[in-house]
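Below is the file entry.cif, which contains mmCIF, C-alpha atoms and all ligand atoms.
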```
data_run
#
loop_
_atom_site.label_atom_id
_atom_site.label_comp_id
_atom_site.auth_asym_id
_atom_site.auth_seq_id
_atom_site.Cartn_x
_atom_site.Cartn_y
_atom_site.Cartn_z
CA MET J 13 76.54 83.63 104.90
CA PHE J 14 77.08 84.89 108.46
CA ASP J 15 74.38 84.03 111.00
CA THR J 16 71.82 86.77 111.58
CA HIS J 17 73.52 88.22 114.67
CA SER J 18 76.97 88.09 113.16
CA SER J 19 78.98 90.25 110.81
CA ILE J 20 82.23 89.79 108.95
CA ILE J 21 84.03 91.36 111.94
CA SER J 22 82.78 88.83 114.48
CA HIS J 23 83.15 85.99 111.98
CA THR J 24 86.77 87.00 111.29
CA LEU J 25 87.60 87.40 114.98
CA ALA J 26 86.06 84.01 115.81
CA ASN J 27 87.62 82.17 112.86
CA ALA J 28 91.12 83.61 112.59
CA ASP J 29 92.63 80.14 112.95
CA ALA J 30 89.73 77.97 111.74
CA PRO J 31 89.97 76.20 108.39
CA HIS J 32 87.75 78.06 105.94
CA VAL J 33 85.13 76.29 103.85
CA ARG J 34 84.53 78.28 100.67
CA GLN J 35 80.85 79.28 100.35
CA HIS J 36 78.95 80.44 97.34
CA ASP J 37 75.47 81.92 97.04
CA PHE J 38 73.22 84.15 94.94
CA LEU J 39 71.23 87.11 96.26
CA THR J 40 67.66 87.70 95.05
CA ALA J 41 68.83 90.32 92.54
CA GLY J 42 71.22 87.75 91.03
CA THR J 43 74.42 89.05 92.63
CA GLU J 44 76.88 86.20 93.11
CA VAL J 45 78.56 86.13 96.51
CA THR J 46 81.66 84.03 97.17
CA PHE J 47 83.11 83.79 100.67
CA LEU J 48 86.63 82.89 99.58
CA ASP J 49 88.47 82.81 102.88
CA THR J 50 88.23 84.20 106.39
CA GLY J 51 87.76 87.96 105.90
CA VAL J 52 87.71 87.71 102.10
CA ILE J 53 84.37 88.05 100.30
CA LYS J 54 83.54 88.74 96.66
CA PHE J 55 80.38 90.25 95.13
CA GLU J 56 79.66 90.03 91.39
CA PRO J 57 76.52 91.60 89.91
CA ASN J 58 74.63 89.81 87.15
CA THR J 59 74.47 93.05 85.16
CA ALA J 60 77.26 94.34 82.90
CA CYS J 61 79.73 96.34 84.99
CA ASP J 62 82.84 98.33 84.14
CA THR J 63 84.86 98.26 87.38
CA SER J 64 86.70 95.71 89.50
CA LEU J 65 87.03 97.20 92.94
CA VAL J 66 89.20 95.88 95.78
CA ILE J 67 88.41 97.38 99.18
CA SER J 68 90.76 96.29 101.94
CA CYS J 69 91.21 97.11 105.61
CA ALA J 70 92.81 95.54 108.72
CA VAL J 71 96.23 95.15 107.15
CA HIS J 72 96.90 96.62 110.60
CA GLY J 73 94.40 94.97 112.94
CA ASN J 74 94.12 97.83 115.43
CA GLU J 75 92.96 100.30 112.76
CA THR J 76 89.32 99.55 113.42
CA ALA J 77 87.22 102.39 111.98
CA PRO J 78 87.62 101.28 108.34
CA ILE J 79 86.86 97.69 109.42
CA GLU J 80 83.59 98.87 111.00
CA ILE J 81 82.66 100.95 107.93
CA ILE J 82 83.41 98.13 105.50
CA SER J 83 81.65 95.52 107.63
CA ARG J 84 78.46 97.62 107.51
CA ILE J 85 78.70 97.95 103.74
CA ILE J 86 79.05 94.15 103.46
CA ASP J 87 76.03 93.66 105.76
CA ASP J 88 73.99 96.03 103.59
CA LEU J 89 75.05 94.27 100.39
CA LEU J 90 74.07 90.89 101.84
CA ALA J 91 70.73 92.33 103.02
CA GLU J 92 70.32 93.88 99.55
CA GLU J 93 69.92 97.30 101.14
CA GLN J 94 73.00 98.46 99.21
CA LYS J 95 72.89 98.16 95.40
CA CYS J 96 75.68 96.08 93.90
CA GLY J 97 76.54 97.47 90.46
CA GLN J 98 80.25 96.60 90.27
CA ARG J 99 82.51 93.63 91.05
CA ILE J 100 83.96 94.01 94.53
CA LEU J 101 86.49 92.07 96.54
CA PHE J 102 86.44 92.95 100.25
CA ILE J 103 89.45 92.00 102.33
CA LEU J 104 89.93 92.09 106.11
CA ALA J 105 93.60 91.43 105.72
CA ASN J 106 95.06 90.42 109.08
CA PRO J 107 92.65 88.46 111.31
CA TRP J 108 95.30 87.66 113.95
CA SER J 109 96.21 91.28 114.51
CA MET J 110 92.48 92.09 114.76
CA VAL J 111 92.19 89.49 117.53
CA ALA J 112 95.29 90.86 119.26
CA ALA J 113 94.11 94.48 118.71
CA GLU J 114 97.64 95.23 117.55
CA ARG J 115 99.18 96.75 114.43
CA PHE J 116 100.66 93.33 113.64
CA VAL J 117 101.53 90.08 115.38
CA ASP J 118 104.92 88.96 114.00
CA LEU J 119 105.69 91.24 111.06
CA ASN J 120 104.24 94.45 109.66
CA MET J 121 102.09 92.97 106.89
CA ASN J 122 102.15 96.21 104.91
CA ARG J 123 105.83 95.62 104.15
CA LEU J 124 105.32 92.08 102.84
CA PHE J 125 103.70 92.69 99.47
CA CYS J 126 105.21 92.84 95.98
CA GLY J 127 106.67 89.42 96.76
CA GLN J 128 108.54 90.58 99.90
CA TRP J 129 106.82 87.73 101.76
CA GLN J 130 109.07 85.31 99.86
CA HIS J 131 112.10 86.57 101.80
CA GLN J 132 110.53 85.98 105.23
CA ASP J 133 109.86 82.99 107.47
CA LEU J 134 107.18 81.20 105.45
CA THR J 135 105.74 79.54 108.56
CA LEU J 136 104.52 82.90 109.94
CA LYS J 137 100.78 83.54 109.58
CA GLU J 138 101.14 87.09 108.28
CA VAL J 139 103.68 85.95 105.70
CA LYS J 140 101.40 83.18 104.40
CA ARG J 141 98.42 85.53 104.41
CA ALA J 142 100.24 88.21 102.38
CA ALA J 143 101.03 85.57 99.74
CA LYS J 144 97.40 84.44 99.67
CA LEU J 145 96.06 87.99 99.47
CA GLU J 146 98.27 88.69 96.46
CA ALA J 147 96.79 85.60 94.79
CA TYR J 148 93.18 86.52 95.65
CA VAL J 149 93.63 90.02 94.22
CA ALA J 150 95.43 88.80 91.08
CA ASN J 151 92.73 86.15 90.45
CA PHE J 152 89.94 88.66 91.07
CA TYR J 153 91.32 90.97 88.40
CA ALA J 154 92.21 88.11 86.02
CA GLU J 155 88.65 86.75 86.12
CA GLU J 156 86.94 90.02 85.25
CA PRO J 157 84.50 90.06 82.32
CA VAL J 158 85.37 91.93 79.13
CA THR J 159 83.05 94.80 80.09
CA VAL J 160 85.44 95.78 82.89
CA THR J 161 87.74 98.63 81.92
CA GLN J 162 88.87 99.94 85.33
CA ARG J 163 90.65 98.38 88.28
CA PHE J 164 90.61 100.20 91.61
CA HIS J 165 92.04 99.33 95.02
CA TYR J 166 91.48 101.34 98.19
CA ASP J 167 93.48 100.06 101.17
CA CYS J 168 91.92 101.71 104.21
CA HIS J 169 93.94 102.60 107.32
CA THR J 170 93.92 104.96 110.29
CA ALA J 171 97.01 106.72 111.62
CA ILE J 172 98.73 106.31 114.99
CA LYS J 173 99.36 110.03 115.55
CA ASP J 174 97.07 113.05 115.52
CA SER J 175 97.14 114.80 112.21
CA ALA J 176 96.99 118.42 111.10
CA ARG J 177 95.15 117.00 108.07
CA ALA J 178 92.41 114.64 109.21
CA ARG J 179 92.41 112.45 106.10
CA PHE J 180 94.96 111.84 103.40
CA ALA J 181 95.72 109.44 100.58
CA LEU J 182 99.04 107.93 99.51
CA TYR J 183 99.56 107.23 95.82
CA PRO J 184 102.09 104.42 95.34
CA PHE J 185 104.98 104.98 92.97
CA VAL J 186 104.62 103.59 89.47
CA ALA J 187 106.77 105.19 86.75
CA ASP J 188 104.95 107.78 84.60
CA ARG J 189 101.77 107.46 86.63
CA LYS J 190 99.15 110.24 86.63
CA ILE J 191 96.03 110.42 88.76
CA PRO J 192 92.93 110.32 86.57
CA ASP J 193 90.21 112.92 87.15
CA SER J 194 87.83 110.12 88.20
CA GLN J 195 90.13 109.31 91.14
CA LYS J 196 90.37 112.99 92.10
CA ALA J 197 86.57 113.05 92.10
CA PHE J 198 86.48 109.93 94.29
CA LEU J 199 88.90 111.45 96.81
CA ASP J 200 86.86 114.65 96.85
CA GLN J 201 83.66 112.68 97.43
CA ALA J 202 85.45 110.88 100.30
CA ASP J 203 86.40 114.25 101.84
CA ILE J 204 90.09 113.59 101.28
CA GLN J 205 91.84 116.81 100.31
CA THR J 206 95.45 115.79 100.80
CA LEU J 207 97.50 113.51 98.58
CA LEU J 208 101.03 112.15 99.10
CA LEU J 209 102.91 111.06 96.03
CA GLN J 210 105.39 108.27 96.74
CA GLN J 211 108.63 108.64 94.78
CA ARG J 212 109.96 105.10 94.93
CA ALA J 213 108.55 101.61 94.60
CA GLY J 214 107.20 100.22 97.87
CA ASN J 215 106.03 96.88 99.22
CA THR J 216 102.65 97.91 100.59
CA PHE J 217 99.35 96.31 99.59
CA SER J 218 98.44 99.30 97.42
CA SER J 219 101.88 99.21 95.76
CA PHE J 220 101.23 95.57 94.86
CA SER J 221 97.94 96.21 93.07
CA ALA J 222 99.28 99.38 91.43
CA SER J 223 102.54 97.94 90.15
CA THR J 224 101.58 94.36 89.28
CA GLN J 225 97.83 94.59 88.55
CA GLN J 226 97.61 97.99 86.81
CA ALA J 227 95.02 99.13 89.35
CA GLN J 228 94.45 102.72 90.38
CA SER J 229 95.40 102.14 94.01
CA PHE J 230 95.64 104.28 97.11
CA THR J 231 96.41 103.81 100.76
CA LEU J 232 93.74 105.87 102.50
CA GLU J 233 94.44 107.31 105.97
CA LEU J 234 90.96 108.03 107.26
CA GLY J 235 91.40 109.15 110.86
CA LYS J 236 93.05 108.00 114.06
CA VAL J 237 93.61 104.48 115.45
CA LYS J 238 91.00 103.54 118.07
CA PRO J 239 89.75 100.22 119.52
CA PHE J 240 86.56 98.59 118.22
CA GLY J 241 83.46 100.41 119.48
CA GLU J 242 85.30 103.69 120.22
CA ASN J 243 85.13 105.18 116.73
CA ASP J 244 82.84 108.08 115.92
CA LEU J 245 81.72 106.72 112.57
CA SER J 246 80.10 110.04 111.65
CA GLN J 247 83.67 111.24 110.99
CA PHE J 248 83.97 108.60 108.29
CA SER J 249 80.79 109.47 106.39
CA GLY J 250 82.80 110.78 103.41
CA ILE J 251 84.55 107.50 102.65
CA ASP J 252 81.42 105.51 103.50
CA GLY J 253 79.35 107.52 101.00
CA ALA J 254 82.02 107.50 98.29
CA LEU J 255 82.51 103.72 98.50
CA ARG J 256 78.76 103.08 98.48
CA LYS J 257 78.30 105.27 95.42
CA LEU J 258 81.11 103.49 93.58
CA ILE J 259 79.77 100.06 94.55
CA SER J 260 76.28 100.97 93.33
CA GLY J 261 77.70 101.64 89.87
CA ASP J 262 76.04 105.08 89.79
CA ALA J 263 78.14 107.98 88.54
CA LEU J 264 79.74 110.20 91.18
CA PRO J 265 78.06 113.64 91.34
CA ASN J 266 79.08 115.78 88.41
CA ARG J 267 80.74 118.55 90.39
CA SER J 268 84.30 119.57 89.74
CA ALA J 269 86.56 118.16 92.41
CA ARG J 270 87.87 120.62 94.98
CA PRO J 271 91.62 121.03 94.54
CA VAL J 272 93.72 118.46 96.36
CA ASP J 273 96.83 119.60 98.26
CA CYS J 274 99.68 117.49 96.90
CA PHE J 275 102.83 116.57 98.78
CA SER J 276 105.81 114.71 97.41
CA VAL J 277 107.93 112.39 99.57
CA CYS J 278 111.42 113.92 99.58
CA HIS J 279 113.05 111.64 102.15
CA GLU J 280 112.15 108.27 103.65
CA ILE J 281 113.47 108.11 107.21
CA GLU J 282 114.89 104.73 108.15
CA ARG J 283 116.06 103.59 111.56
CA THR J 284 119.55 102.51 110.60
CA SER J 285 121.12 101.22 113.85
CA GLU J 286 120.79 100.99 117.66
CA GLN J 287 122.60 104.35 117.91
CA TRP J 288 120.27 106.05 115.43
CA GLN J 289 118.60 109.08 117.04
CA PHE J 290 115.27 110.54 116.02
CA LEU J 291 115.37 114.22 116.89
CA VAL J 292 111.69 115.07 116.66
CA ALA J 293 109.34 115.14 119.64
CA ASP J 294 107.46 111.88 120.20
CA GLU J 295 104.16 113.71 120.17
CA SER J 296 104.75 115.29 116.73
CA ALA J 297 101.53 115.15 114.75
CA ASN J 298 101.33 114.12 111.13
CA PHE J 299 102.11 117.07 108.83
CA ALA J 300 104.09 118.91 111.51
CA GLU J 301 106.18 121.54 109.73
CA PHE J 302 109.98 121.63 110.01
CA LEU J 303 112.05 124.59 108.93
CA PRO J 304 115.08 124.70 106.62
CA GLY J 305 118.21 123.37 108.28
CA GLN J 306 116.41 121.58 111.12
CA LEU J 307 118.05 118.30 112.16
CA ILE J 308 115.63 115.36 111.93
CA TRP J 309 117.79 112.30 112.62
CA GLN J 310 121.39 111.44 113.25
CA ASP J 311 123.37 108.22 113.20
CA GLY J 312 127.09 108.77 113.82
CA GLU J 313 128.31 110.94 110.95
CA HIS J 314 125.09 110.48 108.97
CA GLU J 315 122.19 112.86 109.46
CA TYR J 316 119.20 114.37 107.75
CA ARG J 317 118.43 118.10 107.79
CA VAL J 318 115.50 119.85 106.18
CA GLY J 319 116.47 121.32 102.80
CA ASP J 320 116.01 124.90 101.65
CA GLU J 321 112.23 124.98 101.98
CA PRO J 322 109.93 123.77 104.79
CA GLU J 323 109.22 120.05 105.00
CA TYR J 324 106.42 118.13 106.68
CA LEU J 325 106.63 114.85 108.58
CA VAL J 326 104.14 111.96 108.49
CA PHE J 327 104.12 108.63 110.31
CA PRO J 328 106.86 109.57 112.83
CA ASN J 329 107.76 106.43 114.76
CA GLY J 330 111.22 106.10 116.26
CA GLN J 331 110.42 102.70 117.74
CA VAL J 332 110.35 100.70 114.50
CA PRO J 333 112.83 97.81 114.10
CA ILE J 334 116.20 98.59 112.51
CA GLY J 335 115.89 98.78 108.74
CA GLN J 336 112.27 99.96 108.80
CA ARG J 337 110.63 103.23 107.90
CA ALA J 338 110.48 105.70 110.80
CA GLY J 339 108.67 108.46 108.94
CA LEU J 340 108.32 110.31 105.66
CA MET J 341 109.51 113.86 104.97
CA LEU J 342 107.34 115.73 102.50
CA ARG J 343 107.52 118.83 100.37
CA LYS J 344 104.35 120.64 99.44
CA LEU J 345 103.81 120.91 95.71
CA SER J 346 102.33 124.15 94.43
O1 LIG Z 401 100.33 106.20 111.59
C1 LIG Z 401 101.28 105.52 111.22
O2 LIG Z 401 102.44 105.71 111.66
C2 LIG Z 401 101.10 104.42 110.20
C3 LIG Z 401 99.75 104.37 109.53
C4 LIG Z 401 99.85 103.33 108.43
O3 LIG Z 401 99.65 102.18 108.68
N1 LIG Z 401 100.27 103.77 107.24
C5 LIG Z 401 100.59 102.90 106.17
C6 LIG Z 401 100.98 103.71 104.96
C7 LIG Z 401 101.25 102.82 103.77
C8 LIG Z 401 101.78 103.57 102.55
O4 LIG Z 401 102.87 104.13 102.66
O5 LIG Z 401 101.09 103.54 101.50
C9 LIG Z 401 101.75 102.00 106.59
O6 LIG Z 401 102.64 102.47 107.32
O7 LIG Z 401 101.77 100.85 106.21
ZN ZN Z 402 97.85 101.07 108.81
#
```
Kindly present the structure from the file in structure tokens form.
Amino acid sequence: MFDTHSSIISHTLANADAPHVRQHDFLTAGTEVTFLDTGVIKFEPNTACDTSLVISCAVHGNETAPIEIISRIIDDLLAEEQKCGQRILFILANPWSMVAAERFVDLNMNRLFCGQWQHQDLTLKEVKRAAKLEAYVANFYAEEPVTVTQRFHYDCHTAIKDSARARFALYPFVADRKIPDSQKAFLDQADIQTLLLQQRAGNTFSSFSASTQQAQSFTLELGKVKPFGENDLSQFSGIDGALRKLISGDALPNRSARPVDCFSVCHEIERTSEQWQFLVADESANFAEFLPGQLIWQDGEHEYRVGDEPEYLVFPNGQVPIGQRAGLMLRKLS
């Protein structure tokens, strides 16, 4: 599918703007492989399976460690060195931002899902791609055989800032949603001990699959943003192993999951105007603690102060465009 010295990373980088010719092949073991679009490849085993699994990365093109991990898994599946026991759709979401080594080119793609792309300039590449990715994911789930009873989506990212908690997962908001034990076991296997529960509907890729496709979906923050070739992939062995196990169709080890520390989003910080002031230090790490009463932002007579118990900040970024998220304030759940 890729030439012998290539990988999905180099193919995606070299073909970001090339028209894609859909390819279709069978591996020796009977697994059907469909190369649907640049950076989008589907594996379907010829044995009965119970899970449809979407694994995405590169929604932000400079978040390279998950792209490297996932590319290796794809190589191993194609070489039949990794067992394929479930249906999987792999997505390298934003080829142009990978080429530019930037978070995005025109628009933050992870704010374009759940149909948000419809309200943007439809000539922009990231806008068109978000629409296509929604369709690929919806079709992938719609075409699943009757044996499939579970839909999962892991959207893999790395964070801009250092973090007091090396890895964490975000669980998109869907009313009355509860995390099944199987997902807790997956997070444990992936060495992810921190979980953020979103409290309102979002327009991220994981929100799309959770709210419109009934998938168990997570955004996974797996480490820190680094350029291609500069990642220490040994720090990503947890997610690598957990994904490989899931893909193989073998049961996760039967150990009880270590407890996950849960945080609930209590305030979404938005940059509201040119005058808006973010009153936290630029170098604040993810999960920095702020004490009751502390002023976090101010815009004229509007402000946000920490409530009556400590709060924690993730994704602080005062440089976002007006109207966009500049961080999330969290409360730790007991
Ligand atoms: O480190 C940062 O500031 C951003 C890292 C990142 O891309 N995070 C995702 C989280 C998506 C979610 O809320 O589920 C994003 O901002 O899109
Ligand atoms: Zn990201």
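Going from atom CA of His23 of chain J to atom CA of Leu145 of chain J covers 18.1 Å.
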Worksheet item: Using all atoms listed in the file, what are the residues with an atom within 10 Å of ligand LIG 401 (chain Z), set out as an NGL selection string?
Response: :J and (70-75 or 115 or 120-123 or 167-175 or 181-185 or 208-210 or 214-219 or 229-237 or 297-298 or 326-330 or 332 or 337-340)
Worksheet entry | Contacts of segment 315-324 of chain J within 10 Å, all atoms listed in the file, excl. fewer than 6 positions in-chain, as number ranges by chain | J: 275-279, 281, 288-291, 297-309, 340-344
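Distances here use all atoms listed in the file; by that measure, the residue among J:Lys54, J:Arg99, J:Arg179, J:His165 closest to Asp200 of chain J is J:Arg179.
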Worksheet entry | atom CA of Ala227 of chain J to atom CA of Val66 of chain J, distance in Å rounded to a single decimal |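 Separation of atom CA of Ala227 of chain J and atom CA of Val66 of chain J: 9.3 Å.
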Response to the item:
note - atom CA of Ile334 of chain J and atom CA of Ser109 of chain J are separated by 21.4 Å
Worksheet item: Contacts of Gly97 of chain J at 12 Å or less, counting all atoms listed in the file, minus same-chain residues fewer than 4 places along, as a ChimeraX atom specification?
Response: /J:41-44,55-65,89,92,160,255-263
Worksheet, complete the sentence: In terms of all atoms listed in the file, the residue from J:Ala293, J:Ala112, J:Leu124, J:Ala222 at minimal distance from Arg163 of chain J is J:Ala222
Worksheet item: From the set J:Ala176, J:Thr24, J:Ala187, J:Lys95, which residue has the shortest atom-to-atom contact distance to Leu39 of chain J, counting only C-alpha atoms?
Response: J:Lys95
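With all atoms listed in the file taken into account, every residue lying no more than 7 Å from the file point (88.1, 91.1, 115.3) is included here: J:Ile21, J:Ser22, J:Thr24, J:Leu25, J:Pro107, J:Met110, J:Val111.
Among the candidates J:Leu101, J:Gln310, J:Ser83, J:Phe180, the residue lying nearest to Thr46 of chain J is J:Leu101 (atoms considered: all atoms listed in the file).
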Worksheet item: Looking at only C-alpha atoms, which of J:Ala213, J:Ile53, J:Ile67, J:Ala178 is the one that sits closest to Phe164 of chain J?
Response: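 For Phe164 of chain J, the nearest of the given residues is J:Ile67.
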Fill in: Within 12 Å of Arg141 of chain J using all atoms listed in the file, minus same-chain residues under 2 positions, as a VMD selection string
chain J and resid 28 to 29 49 to 52 71 103 to 109 119 to 122 124 to 125 127 129 to 130 134 to 139 143 to 148 217
Worksheet item: Using all atoms listed in the file, which of the listed residues (J:Lys238, J:Arg283, J:His36, J:Arg270) sits closest to ligand ZN 402 (chain Z)?
Response: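 Of J:Lys238, J:Arg283, J:His36, J:Arg270, the one nearest ligand ZN 402 (chain Z) is J:Lys238, counting all atoms listed in the file.
For Ala254 of chain J, the list of residues within 8 Å, based on only C-alpha atoms and with local chain neighbours fewer than 3 positions off taken out, reads Phe198, Gln201, Ala202, Gly250, Ile251, Lys257, Leu258 and Leu264 of chain J.
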Go ahead and save the residues from that selection, with C-alpha atoms, as an mmCIF file, keeping the file's coordinate frame.
```cif
data_model
loop_
_atom_site.group_PDB
_atom_site.id
_atom_site.type_symbol
_atom_site.label_atom_id
_atom_site.label_comp_id
_atom_site.auth_asym_id
_atom_site.auth_seq_id
_atom_site.Cartn_x
_atom_site.Cartn_y
_atom_site.Cartn_z
ATOM 1 C CA PHE J 198 86.480 109.930 94.290
ATOM 2 C CA GLN J 201 83.660 112.680 97.430
ATOM 3 C CA ALA J 202 85.450 110.880 100.300
ATOM 4 C CA GLY J 250 82.800 110.780 103.410
ATOM 5 C CA ILE J 251 84.550 107.500 102.650
ATOM 6 C CA LYS J 257 78.300 105.270 95.420
ATOM 7 C CA LEU J 258 81.110 103.490 93.580
ATOM 8 C CA LEU J 264 79.740 110.200 91.180
#
```
